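File shown: data-v2.pdb (PDB, C-alpha atoms and all ligand atoms).
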```
MODEL        1
ATOM      1  CA  MET Y   1      41.095 106.119 188.691  1.00  0.00           C
ATOM      2  CA  TYR Y   2      43.923 108.476 187.767  1.00  0.00           C
ATOM      3  CA  ILE Y   3      45.649 108.048 184.388  1.00  0.00           C
ATOM      4  CA  GLU Y   4      49.038 109.419 183.410  1.00  0.00           C
ATOM      5  CA  ARG Y   5      50.551 109.205 179.929  1.00  0.00           C
ATOM      6  CA  LEU Y   6      54.270 108.491 179.694  1.00  0.00           C
ATOM      7  CA  PRO Y   7      56.760 109.912 177.146  1.00  0.00           C
ATOM      8  CA  ILE Y   8      55.687 107.051 174.861  1.00  0.00           C
ATOM      9  CA  PRO Y   9      52.002 107.990 174.878  1.00  0.00           C
ATOM     10  CA  ASP Y  10      50.582 104.486 174.264  1.00  0.00           C
ATOM     11  CA  VAL Y  11      51.929 103.314 177.628  1.00  0.00           C
ATOM     12  CA  PHE Y  12      49.771 104.420 180.558  1.00  0.00           C
ATOM     13  CA  LEU Y  13      50.161 104.594 184.296  1.00  0.00           C
ATOM     14  CA  ILE Y  14      46.885 103.951 186.080  1.00  0.00           C
ATOM     15  CA  THR Y  15      46.345 104.608 189.765  1.00  0.00           C
ATOM     16  CA  PRO Y  16      43.012 103.241 190.996  1.00  0.00           C
ATOM     17  CA  ARG Y  17      41.193 105.075 193.769  1.00  0.00           C
ATOM     18  CA  ARG Y  18      41.639 103.694 197.279  1.00  0.00           C
ATOM     19  CA  PHE Y  19      38.884 103.948 199.886  1.00  0.00           C
ATOM     20  CA  SER Y  20      40.680 103.964 203.233  1.00  0.00           C
ATOM     21  CA  ASP Y  21      39.106 103.387 206.600  1.00  0.00           C
ATOM     22  CA  ALA Y  22      39.998 101.955 209.999  1.00  0.00           C
ATOM     23  CA  ARG Y  23      40.348  98.489 208.474  1.00  0.00           C
ATOM     24  CA  GLY Y  24      42.718  99.435 205.689  1.00  0.00           C
ATOM     25  CA  PHE Y  25      41.592 100.171 202.125  1.00  0.00           C
ATOM     26  CA  PHE Y  26      39.347  98.953 199.305  1.00  0.00           C
ATOM     27  CA  SER Y  27      40.266  99.431 195.660  1.00  0.00           C
ATOM     28  CA  GLU Y  28      38.929  98.314 192.277  1.00  0.00           C
ATOM     29  CA  THR Y  29      42.088  97.079 190.577  1.00  0.00           C
ATOM     30  CA  TRP Y  30      40.423  96.499 187.185  1.00  0.00           C
ATOM     31  CA  ASN Y  31      37.283  98.134 185.808  1.00  0.00           C
ATOM     32  CA  ARG Y  32      36.785  97.508 182.089  1.00  0.00           C
ATOM     33  CA  ARG Y  33      34.194 100.252 181.558  1.00  0.00           C
ATOM     34  CA  LEU Y  34      36.188 102.947 183.351  1.00  0.00           C
ATOM     35  CA  PHE Y  35      39.409 101.922 181.597  1.00  0.00           C
ATOM     36  CA  HIS Y  36      37.657 102.232 178.241  1.00  0.00           C
ATOM     37  CA  GLU Y  37      36.112 105.606 179.126  1.00  0.00           C
ATOM     38  CA  ILE Y  38      39.463 107.047 180.128  1.00  0.00           C
ATOM     39  CA  THR Y  39      41.841 105.468 177.580  1.00  0.00           C
ATOM     40  CA  GLY Y  40      39.556 104.632 174.653  1.00  0.00           C
ATOM     41  CA  LEU Y  41      40.978 101.084 174.790  1.00  0.00           C
ATOM     42  CA  ASP Y  42      39.134  97.860 175.471  1.00  0.00           C
ATOM     43  CA  PRO Y  43      41.732  95.123 175.926  1.00  0.00           C
ATOM     44  CA  GLU Y  44      40.395  91.599 176.228  1.00  0.00           C
ATOM     45  CA  PHE Y  45      42.390  90.025 179.023  1.00  0.00           C
ATOM     46  CA  VAL Y  46      42.434  86.210 178.961  1.00  0.00           C
ATOM     47  CA  GLN Y  47      45.054  85.241 181.555  1.00  0.00           C
ATOM     48  CA  ASP Y  48      46.225  86.546 184.944  1.00  0.00           C
ATOM     49  CA  ASN Y  49      49.838  85.968 186.010  1.00  0.00           C
ATOM     50  CA  HIS Y  50      51.403  86.197 189.458  1.00  0.00           C
ATOM     51  CA  SER Y  51      55.109  86.042 190.328  1.00  0.00           C
ATOM     52  CA  LEU Y  52      57.062  86.257 193.568  1.00  0.00           C
ATOM     53  CA  SER Y  53      60.677  87.409 193.572  1.00  0.00           C
ATOM     54  CA  ARG Y  54      62.429  86.834 196.872  1.00  0.00           C
ATOM     55  CA  GLU Y  55      65.521  89.015 196.441  1.00  0.00           C
ATOM     56  CA  ARG Y  56      65.806  92.737 195.905  1.00  0.00           C
ATOM     57  CA  GLY Y  57      67.499  93.316 192.545  1.00  0.00           C
ATOM     58  CA  THR Y  58      65.806  90.384 190.812  1.00  0.00           C
ATOM     59  CA  VAL Y  59      65.363  91.181 187.129  1.00  0.00           C
ATOM     60  CA  ARG Y  60      62.702  89.483 184.987  1.00  0.00           C
ATOM     61  CA  GLY Y  61      62.685  90.448 181.313  1.00  0.00           C
ATOM     62  CA  LEU Y  62      62.773  91.991 178.939  1.00  0.00           C
ATOM     63  CA  HIS Y  63      60.099  89.714 177.433  1.00  0.00           C
ATOM     64  CA  TYR Y  64      57.462  89.719 174.729  1.00  0.00           C
ATOM     65  CA  GLN Y  65      55.456  87.256 172.666  1.00  0.00           C
ATOM     66  CA  ALA Y  66      55.901  87.563 168.910  1.00  0.00           C
ATOM     67  CA  ALA Y  67      52.920  87.926 166.560  1.00  0.00           C
ATOM     68  CA  PRO Y  68      50.349  86.442 166.278  1.00  0.00           C
ATOM     69  CA  GLN Y  69      50.502  85.820 170.049  1.00  0.00           C
ATOM     70  CA  ALA Y  70      51.436  89.381 171.055  1.00  0.00           C
ATOM     71  CA  GLN Y  71      50.262  90.432 174.499  1.00  0.00           C
ATOM     72  CA  ALA Y  72      49.172  93.701 176.053  1.00  0.00           C
ATOM     73  CA  LYS Y  73      49.768  93.661 179.815  1.00  0.00           C
ATOM     74  CA  LEU Y  74      48.353  95.427 182.841  1.00  0.00           C
ATOM     75  CA  VAL Y  75      50.896  95.154 185.646  1.00  0.00           C
ATOM     76  CA  ARG Y  76      50.458  95.818 189.359  1.00  0.00           C
ATOM     77  CA  VAL Y  77      52.383  95.154 192.553  1.00  0.00           C
ATOM     78  CA  PRO Y  78      50.354  94.232 195.656  1.00  0.00           C
ATOM     79  CA  ARG Y  79      53.466  93.541 197.768  1.00  0.00           C
ATOM     80  CA  GLY Y  80      56.883  95.211 197.593  1.00  0.00           C
ATOM     81  CA  ALA Y  81      57.948  97.462 194.715  1.00  0.00           C
ATOM     82  CA  ILE Y  82      59.476  97.304 191.230  1.00  0.00           C
ATOM     83  CA  MET Y  83      60.980  99.492 188.587  1.00  0.00           C
ATOM     84  CA  ASP Y  84      58.788  98.490 185.652  1.00  0.00           C
ATOM     85  CA  VAL Y  85      60.056  99.004 182.100  1.00  0.00           C
ATOM     86  CA  ALA Y  86      58.511  98.895 178.615  1.00  0.00           C
ATOM     87  CA  VAL Y  87      60.610  99.047 175.408  1.00  0.00           C
ATOM     88  CA  ASP Y  88      59.012 100.068 172.096  1.00  0.00           C
ATOM     89  CA  LEU Y  89      59.599  97.329 169.456  1.00  0.00           C
ATOM     90  CA  ARG Y  90      57.168  98.693 166.853  1.00  0.00           C
ATOM     91  CA  ARG Y  91      59.298  99.043 163.744  1.00  0.00           C
ATOM     92  CA  GLU Y  92      57.365 102.016 162.321  1.00  0.00           C
ATOM     93  CA  SER Y  93      57.186 103.860 165.629  1.00  0.00           C
ATOM     94  CA  PRO Y  94      59.046 107.186 166.025  1.00  0.00           C
ATOM     95  CA  THR Y  95      60.022 105.928 169.487  1.00  0.00           C
ATOM     96  CA  PHE Y  96      61.302 102.491 168.297  1.00  0.00           C
ATOM     97  CA  GLY Y  97      63.968 101.215 170.725  1.00  0.00           C
ATOM     98  CA  ARG Y  98      63.103 103.767 173.377  1.00  0.00           C
ATOM     99  CA  SER Y  99      61.970 102.762 176.832  1.00  0.00           C
ATOM    100  CA  VAL Y 100      59.723 104.148 179.549  1.00  0.00           C
ATOM    101  CA  TRP Y 101      59.741 103.169 183.194  1.00  0.00           C
ATOM    102  CA  ALA Y 102      57.897 103.775 186.463  1.00  0.00           C
ATOM    103  CA  ILE Y 103      57.900 102.665 190.077  1.00  0.00           C
ATOM    104  CA  LEU Y 104      54.964 100.374 190.877  1.00  0.00           C
ATOM    105  CA  GLY Y 105      54.442  99.278 194.443  1.00  0.00           C
ATOM    106  CA  GLU Y 106      52.167  98.380 197.282  1.00  0.00           C
ATOM    107  CA  GLU Y 107      52.316 101.994 198.517  1.00  0.00           C
ATOM    108  CA  ASN Y 108      51.106 103.757 195.353  1.00  0.00           C
ATOM    109  CA  GLY Y 109      48.951 100.953 193.865  1.00  0.00           C
ATOM    110  CA  THR Y 110      49.968 102.252 190.432  1.00  0.00           C
ATOM    111  CA  GLN Y 111      49.613  99.952 187.419  1.00  0.00           C
ATOM    112  CA  MET Y 112      51.374 100.080 184.046  1.00  0.00           C
ATOM    113  CA  TYR Y 113      49.483  99.315 180.819  1.00  0.00           C
ATOM    114  CA  VAL Y 114      51.971  97.937 178.290  1.00  0.00           C
ATOM    115  CA  PRO Y 115      50.439  97.620 174.804  1.00  0.00           C
ATOM    116  CA  GLU Y 116      51.247  94.993 172.188  1.00  0.00           C
ATOM    117  CA  GLY Y 117      54.499  95.745 170.413  1.00  0.00           C
ATOM    118  CA  PHE Y 118      56.571  96.329 173.554  1.00  0.00           C
ATOM    119  CA  ALA Y 119      59.078  94.240 175.492  1.00  0.00           C
ATOM    120  CA  HIS Y 120      58.426  94.315 179.228  1.00  0.00           C
ATOM    121  CA  GLY Y 121      60.531  93.691 182.315  1.00  0.00           C
ATOM    122  CA  PHE Y 122      61.179  94.787 185.861  1.00  0.00           C
ATOM    123  CA  CYS Y 123      63.682  94.944 188.705  1.00  0.00           C
ATOM    124  CA  THR Y 124      62.480  94.356 192.256  1.00  0.00           C
ATOM    125  CA  LEU Y 125      63.280  97.182 194.681  1.00  0.00           C
ATOM    126  CA  GLU Y 126      62.344  95.223 197.821  1.00  0.00           C
ATOM    127  CA  THR Y 127      62.557  91.639 199.042  1.00  0.00           C
ATOM    128  CA  ASN Y 128      59.518  89.370 198.597  1.00  0.00           C
ATOM    129  CA  THR Y 129      57.956  91.410 195.830  1.00  0.00           C
ATOM    130  CA  GLU Y 130      54.837  90.037 194.147  1.00  0.00           C
ATOM    131  CA  VAL Y 131      53.743  91.115 190.676  1.00  0.00           C
ATOM    132  CA  ILE Y 132      50.309  90.413 189.226  1.00  0.00           C
ATOM    133  CA  TYR Y 133      49.453  91.152 185.608  1.00  0.00           C
ATOM    134  CA  LYS Y 134      46.677  90.555 183.162  1.00  0.00           C
ATOM    135  CA  VAL Y 135      47.538  89.631 179.545  1.00  0.00           C
ATOM    136  CA  THR Y 136      45.514  89.650 176.325  1.00  0.00           C
ATOM    137  CA  SER Y 137      46.890  86.457 174.784  1.00  0.00           C
ATOM    138  CA  TYR Y 138      47.533  83.007 176.252  1.00  0.00           C
ATOM    139  CA  TYR Y 139      51.074  81.892 177.030  1.00  0.00           C
ATOM    140  CA  ALA Y 140      52.650  80.578 173.814  1.00  0.00           C
ATOM    141  CA  PRO Y 141      56.171  79.219 174.511  1.00  0.00           C
ATOM    142  CA  ASP Y 142      56.995  79.088 170.781  1.00  0.00           C
ATOM    143  CA  CYS Y 143      56.421  82.825 170.528  1.00  0.00           C
ATOM    144  CA  ASP Y 144      58.256  83.706 173.758  1.00  0.00           C
ATOM    145  CA  ARG Y 145      61.061  86.218 173.022  1.00  0.00           C
ATOM    146  CA  SER Y 146      63.657  87.995 175.162  1.00  0.00           C
ATOM    147  CA  LEU Y 147      65.702  91.147 174.779  1.00  0.00           C
ATOM    148  CA  HIS Y 148      68.770  91.639 176.981  1.00  0.00           C
ATOM    149  CA  TRP Y 149      67.798  93.837 179.952  1.00  0.00           C
ATOM    150  CA  LYS Y 150      71.201  95.542 180.077  1.00  0.00           C
ATOM    151  CA  ASP Y 151      71.703  96.224 176.364  1.00  0.00           C
ATOM    152  CA  PRO Y 152      73.520  99.604 176.482  1.00  0.00           C
ATOM    153  CA  VAL Y 153      71.608 100.801 173.410  1.00  0.00           C
ATOM    154  CA  LEU Y 154      68.441 100.876 175.534  1.00  0.00           C
ATOM    155  CA  SER Y 155      69.945 103.237 178.174  1.00  0.00           C
ATOM    156  CA  ILE Y 156      67.593 101.989 180.880  1.00  0.00           C
ATOM    157  CA  PRO Y 157      68.543 103.595 184.225  1.00  0.00           C
ATOM    158  CA  TRP Y 158      68.449 100.374 186.266  1.00  0.00           C
ATOM    159  CA  PRO Y 159      69.418 100.697 189.943  1.00  0.00           C
ATOM    160  CA  ASP Y 160      72.993  99.692 190.901  1.00  0.00           C
ATOM    161  CA  PHE Y 161      71.787  96.493 192.545  1.00  0.00           C
ATOM    162  CA  ALA Y 162      69.776  95.289 189.509  1.00  0.00           C
ATOM    163  CA  GLY Y 163      70.568  91.822 188.213  1.00  0.00           C
ATOM    164  CA  SER Y 164      71.566  90.208 191.530  1.00  0.00           C
ATOM    165  CA  ILE Y 165      69.449  87.274 190.359  1.00  0.00           C
ATOM    166  CA  LEU Y 166      68.016  86.478 186.943  1.00  0.00           C
ATOM    167  CA  SER Y 167      67.055  83.420 184.902  1.00  0.00           C
ATOM    168  CA  ASP Y 168      69.454  81.660 182.510  1.00  0.00           C
ATOM    169  CA  LYS Y 169      67.125  82.645 179.684  1.00  0.00           C
ATOM    170  CA  ASP Y 170      67.419  86.317 180.613  1.00  0.00           C
ATOM    171  CA  SER Y 171      71.192  86.226 181.062  1.00  0.00           C
ATOM    172  CA  ARG Y 172      71.539  84.765 177.528  1.00  0.00           C
ATOM    173  CA  ALA Y 173      69.036  87.119 175.848  1.00  0.00           C
ATOM    174  CA  PRO Y 174      70.110  88.867 172.613  1.00  0.00           C
ATOM    175  CA  SER Y 175      70.706  92.588 172.234  1.00  0.00           C
ATOM    176  CA  LEU Y 176      68.309  94.778 170.227  1.00  0.00           C
ATOM    177  CA  ALA Y 177      70.631  94.643 167.208  1.00  0.00           C
ATOM    178  CA  LYS Y 178      70.278  90.834 167.106  1.00  0.00           C
ATOM    179  CA  LEU Y 179      66.493  90.665 167.447  1.00  0.00           C
ATOM    180  CA  THR Y 180      64.576  89.523 164.402  1.00  0.00           C
ATOM    181  CA  ASP Y 181      60.934  89.612 165.566  1.00  0.00           C
ATOM    182  CA  PHE Y 182      59.571  93.134 165.697  1.00  0.00           C
ATOM    183  CA  PHE Y 183      56.039  94.409 165.349  1.00  0.00           C
TER
HETATM  184  C1  LIG F 201      55.098  83.627 181.215  1.00  0.00           C
HETATM  185  C2  LIG F 201      54.608  82.218 181.545  1.00  0.00           C
HETATM  186  C3  LIG F 201      55.475  81.265 182.026  1.00  0.00           C
HETATM  187  N1  LIG F 201      55.038  80.026 182.300  1.00  0.00           N
HETATM  188  C4  LIG F 201      56.006  79.033 182.832  1.00  0.00           C
HETATM  189  C5  LIG F 201      57.182  78.759 181.912  1.00  0.00           C
HETATM  190  C6  LIG F 201      58.331  78.539 182.862  1.00  0.00           C
HETATM  191  O1  LIG F 201      58.433  77.170 183.172  1.00  0.00           O
HETATM  192  C7  LIG F 201      57.948  79.288 184.127  1.00  0.00           C
HETATM  193  C8  LIG F 201      58.741  80.576 184.337  1.00  0.00           C
HETATM  194  O2  LIG F 201      58.633  81.343 183.142  1.00  0.00           O
HETATM  195  P1  LIG F 201      59.546  82.620 182.907  1.00  0.00           P
HETATM  196  O3  LIG F 201      60.932  82.348 183.385  1.00  0.00           O
HETATM  197  O4  LIG F 201      59.388  83.054 181.504  1.00  0.00           O
HETATM  198  O5  LIG F 201      58.871  83.670 183.916  1.00  0.00           O
HETATM  199  P2  LIG F 201      59.132  85.251 183.986  1.00  0.00           P
HETATM  200  O6  LIG F 201      60.577  85.519 183.761  1.00  0.00           O
HETATM  201  O7  LIG F 201      58.532  85.768 185.220  1.00  0.00           O
HETATM  202  O8  LIG F 201      58.334  85.741 182.698  1.00  0.00           O
HETATM  203  C9  LIG F 201      57.514  86.890 182.736  1.00  0.00           C
HETATM  204  O9  LIG F 201      58.343  88.041 182.792  1.00  0.00           O
HETATM  205  C10 LIG F 201      57.666  89.288 182.779  1.00  0.00           C
HETATM  206  C11 LIG F 201      58.687  90.388 182.782  1.00  0.00           C
HETATM  207  C12 LIG F 201      56.657  89.385 181.690  1.00  0.00           C
HETATM  208  O10 LIG F 201      56.428  90.452 181.115  1.00  0.00           O
HETATM  209  C13 LIG F 201      55.846  88.178 181.431  1.00  0.00           C
HETATM  210  O11 LIG F 201      55.118  88.278 180.218  1.00  0.00           O
HETATM  211  C14 LIG F 201      56.645  86.892 181.466  1.00  0.00           C
HETATM  212  O12 LIG F 201      57.454  86.834 180.302  1.00  0.00           O
HETATM  213  O13 LIG F 201      56.551  79.565 184.025  1.00  0.00           O
HETATM  214  C15 LIG F 201      53.727  79.672 182.112  1.00  0.00           C
HETATM  215  O14 LIG F 201      53.310  78.501 182.377  1.00  0.00           O
HETATM  216  N2  LIG F 201      52.836  80.601 181.656  1.00  0.00           N
HETATM  217  C16 LIG F 201      53.227  81.861 181.365  1.00  0.00           C
HETATM  218  O15 LIG F 201      52.384  82.725 180.941  1.00  0.00           O
ENDMDL
END
```

As structure tokens - that is how I would like this structure written.
Amino acid sequence: MYIERLPIPDVFLITPRRFSDARGFFSETWNRRLFHEITGLDPEFVQDNHSLSRERGTVRGLHYQAAPQAQAKLVRVPRGAIMDVAVDLRRESPTFGRSVWAILGEENGTQMYVPEGFAHGFCTLETNTEVIYKVTSYYAPDCDRSLHWKDPVLSIPWPDFAGSILSDKDSRAPSLAKLTDFF
């Protein structure tokens, strides 16, 4: 398992080892003990989520659950590829409002660990992209919050084709200046 810290050091990229042979590969996609040894963290995941986005350029996000239902997430892409983004919404953080991003895909097997206190979203880079992620708190619709993916203040370098399809909720999401629930 290879771990890389991003410019916001609490967000990690994790690339599990792949054992390749004539059949294909084998990989441990989650190993609690190893994750703890390497990061010092021991998130308690309670729910696994899986989404399929048919079109390239689909944007989902930016989403978070407000306290006390905040979620840390461990995101991976077994089919296709995404540009995955995390935005720091921790009020006291020196990197408040800043974002980090990475390409996650079936080729690299890389995962992003997004801690509590961040909004999360992605743009699909290929058709029929599937995203699977573990979360540390159950879905709580009352605490579901959105931040507009294209808010210019965030300066996220989305690809030109981003936003070809998105949900009504995401198209109506407020900008950072209008958010009231931070961490
Ligand atoms: C997130 C979620 C949604 N749902 C339902 C509610 C709704 O009817 C349907 C689709 O929900 P959404 O439109 O919010 O799905 P989606 O836009 O894919 O939401 C996800 O986006 C990514 C970026 C995240 O980080 C996730 O935490 C989650 O917010 O699924 C659940 O039952 N459980 C869940 O945990």

Item to check | Distance in Å - atom CA of Leu6 of chain Y versus atom CA of Thr39 of chain Y | outcome: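 Interatomic distance, atom CA of Leu6 of chain Y to atom CA of Thr39 of chain Y: 13.0 Å.
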
Next on the checklist: ligand LIG 201 (chain F): which residues are within 10 Å, counting all atoms listed in the file? Reply as a PyMOL selection string.
Outcome noted: chain Y and resi 47-53+59-65+70-75+84-86+114+118-123+131-135+137-141+144-146+166-170

Item to check | Selection dump of the PyMOL selection byres (((chain Y and resi 95-101) around 7) and not hetatm), as a list in words | outcome: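 In the shown coordinates, the PyMOL selection byres (((chain Y and resi 95-101) around 7) and not hetatm) covers Leu6, Pro7, Ile8, Met83, Asp84, Val85, Ala86, Val87, Asp88, Leu89, Arg90, Arg91, Ser93, Pro94, Ala102, Leu154 and Ile156 of chain Y.
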
Item to check | Residues matched by the PyMOL selection byres (((chain Y and resi 4) around 10) and not hetatm) as number ranges by chain | outcome: Y: 2-3, 5-7, 9, 11-15, 112

Dump of C-alpha atoms for the selected residues, as a short mmCIF file (atom, residue, chain, number, x, y, z; two decimals), keeping the file's coordinate frame:
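New file selection-v3.cif:
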```
data_model
loop_
_atom_site.label_atom_id
_atom_site.label_comp_id
_atom_site.auth_asym_id
_atom_site.auth_seq_id
_atom_site.Cartn_x
_atom_site.Cartn_y
_atom_site.Cartn_z
CA TYR Y 2 43.92 108.48 187.77
CA ILE Y 3 45.65 108.05 184.39
CA ARG Y 5 50.55 109.20 179.93
CA LEU Y 6 54.27 108.49 179.69
CA PRO Y 7 56.76 109.91 177.15
CA PRO Y 9 52.00 107.99 174.88
CA VAL Y 11 51.93 103.31 177.63
CA PHE Y 12 49.77 104.42 180.56
CA LEU Y 13 50.16 104.59 184.30
CA ILE Y 14 46.88 103.95 186.08
CA THR Y 15 46.34 104.61 189.76
CA MET Y 112 51.37 100.08 184.05
#
```

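The space separating atom CA of Gln69 of chain Y from atom CA of Asp10 of chain Y comes to 19.1 Å.
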
Checklist entry - On this structure, which residues satisfy the PyMOL selection byres (((chain Y and resi 55-57) around 10) and not hetatm), written as JSON, numbers by chain? => result {"Y": [52, 53, 54, 58, 59, 60, 80, 81, 82, 83, 122, 123, 124, 125, 126, 127, 128, 129, 158, 159, 160, 161, 162, 163, 164, 165, 166]}

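Minimum atom-to-atom distance to Ile103 of chain Y, evaluated using only C-alpha atoms, belongs to Y:Arg76 out of Y:Arg76, Y:Phe45, Y:Asp181, Y:Thr136.
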
Checklist entry - Within 10 Å of segment 16-28 of chain Y, counting only C-alpha atoms, which residues qualify if same-chain residues fewer than 6 places away don't, as an NGL selection string? => result :Y and (1-3 or 108-111)

Next on the checklist: Report, in Å with one decimal, the straight-line distance from atom CA of Glu130 of chain Y to atom CA of Val46 of chain Y.
Outcome noted: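 Atom CA of Glu130 of chain Y sits 20.0 Å away from atom CA of Val46 of chain Y.
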
Next on the checklist: What's around Glu106 of chain Y at 6 Å? Count only C-alpha atoms, leave out sequence neighbours fewer than 5 positions away in its own chain, and write the answer as a list in words.
Outcome noted: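 The residues that qualify are Val77, Pro78, Arg79 and Gly80 of chain Y.
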
Item to check | Nearest to Asp142 of chain Y, chosen from Y:Pro115, Y:Pro68, Y:Pro157, Y:Gly105, with all atoms listed in the file counted in the distances | outcome: Y:Pro68

Let me have the centre and edge lengths of the axis-aligned box enclosing all listed atoms of segment 23-27 of chain Y with 6 Å padding on every side, in Å to one decimal, as AutoDock Vina command-line options.
```
--center_x 41.0 --center_y 99.3 --center_z 202.1 --size_x 15.4 --size_y 13.7 --size_z 24.8
```

Next on the checklist: When you look at Ser175 of chain Y with a cut-off of 9 Å (counting all atoms listed in the file), what residues show up, excluding the ones that are within fewer than 5 positions of it in the same chain? I need them as a ChimeraX atom specification.
Outcome noted: /Y:146-153

Would you pull segment 130-148 of chain Y out of the block just shown and save N, CA and C atoms as a compact mmCIF listing (two decimals), in the first residue's frame?
```
# COMPACT_ATOMS: atom_id res chain seq x y z
N GLU Y 130 -17.82 3.77 -12.58
CA GLU Y 130 -18.40 3.36 -11.30
C GLU Y 130 -17.49 3.83 -10.16
N VAL Y 131 -18.12 4.35 -9.12
CA VAL Y 131 -17.39 4.85 -7.95
C VAL Y 131 -17.91 4.11 -6.73
N ILE Y 132 -17.00 3.61 -5.93
CA ILE Y 132 -17.36 2.90 -4.69
C ILE Y 132 -16.66 3.62 -3.54
N TYR Y 133 -17.41 3.92 -2.48
CA TYR Y 133 -16.75 4.58 -1.35
C TYR Y 133 -17.37 4.18 -0.03
N LYS Y 134 -16.47 4.08 0.94
CA LYS Y 134 -16.87 3.76 2.31
C LYS Y 134 -17.08 5.08 3.05
N VAL Y 135 -18.04 5.13 3.97
CA VAL Y 135 -18.28 6.34 4.76
C VAL Y 135 -18.41 5.99 6.24
N THR Y 136 -18.10 6.97 7.10
CA THR Y 136 -18.05 6.71 8.54
C THR Y 136 -19.33 7.08 9.27
N SER Y 137 -20.34 7.56 8.54
CA SER Y 137 -21.60 7.90 9.20
C SER Y 137 -22.72 7.53 8.23
N TYR Y 138 -23.85 7.08 8.77
CA TYR Y 138 -24.96 6.68 7.91
C TYR Y 138 -25.55 7.89 7.18
N TYR Y 139 -26.15 7.62 6.05
CA TYR Y 139 -26.83 8.66 5.26
C TYR Y 139 -27.88 9.34 6.14
N ALA Y 140 -27.83 10.66 6.18
CA ALA Y 140 -28.76 11.45 7.00
C ALA Y 140 -29.27 12.60 6.14
N PRO Y 141 -30.39 12.39 5.41
CA PRO Y 141 -30.86 13.41 4.45
C PRO Y 141 -30.99 14.80 5.05
N ASP Y 142 -31.35 14.90 6.33
CA ASP Y 142 -31.51 16.22 6.95
C ASP Y 142 -30.18 16.97 7.05
N CYS Y 143 -29.10 16.22 7.06
CA CYS Y 143 -27.78 16.85 7.21
C CYS Y 143 -27.04 16.96 5.88
N ASP Y 144 -27.70 16.53 4.80
CA ASP Y 144 -27.09 16.55 3.46
C ASP Y 144 -26.91 18.00 3.00
N ARG Y 145 -25.68 18.38 2.62
CA ARG Y 145 -25.41 19.75 2.19
C ARG Y 145 -24.64 19.72 0.86
N SER Y 146 -24.83 20.79 0.08
CA SER Y 146 -24.13 20.90 -1.21
C SER Y 146 -23.43 22.24 -1.30
N LEU Y 147 -22.37 22.25 -2.05
CA LEU Y 147 -21.61 23.46 -2.36
C LEU Y 147 -21.47 23.47 -3.88
N HIS Y 148 -21.67 24.63 -4.53
CA HIS Y 148 -21.69 24.63 -5.99
C HIS Y 148 -20.32 24.24 -6.56
```
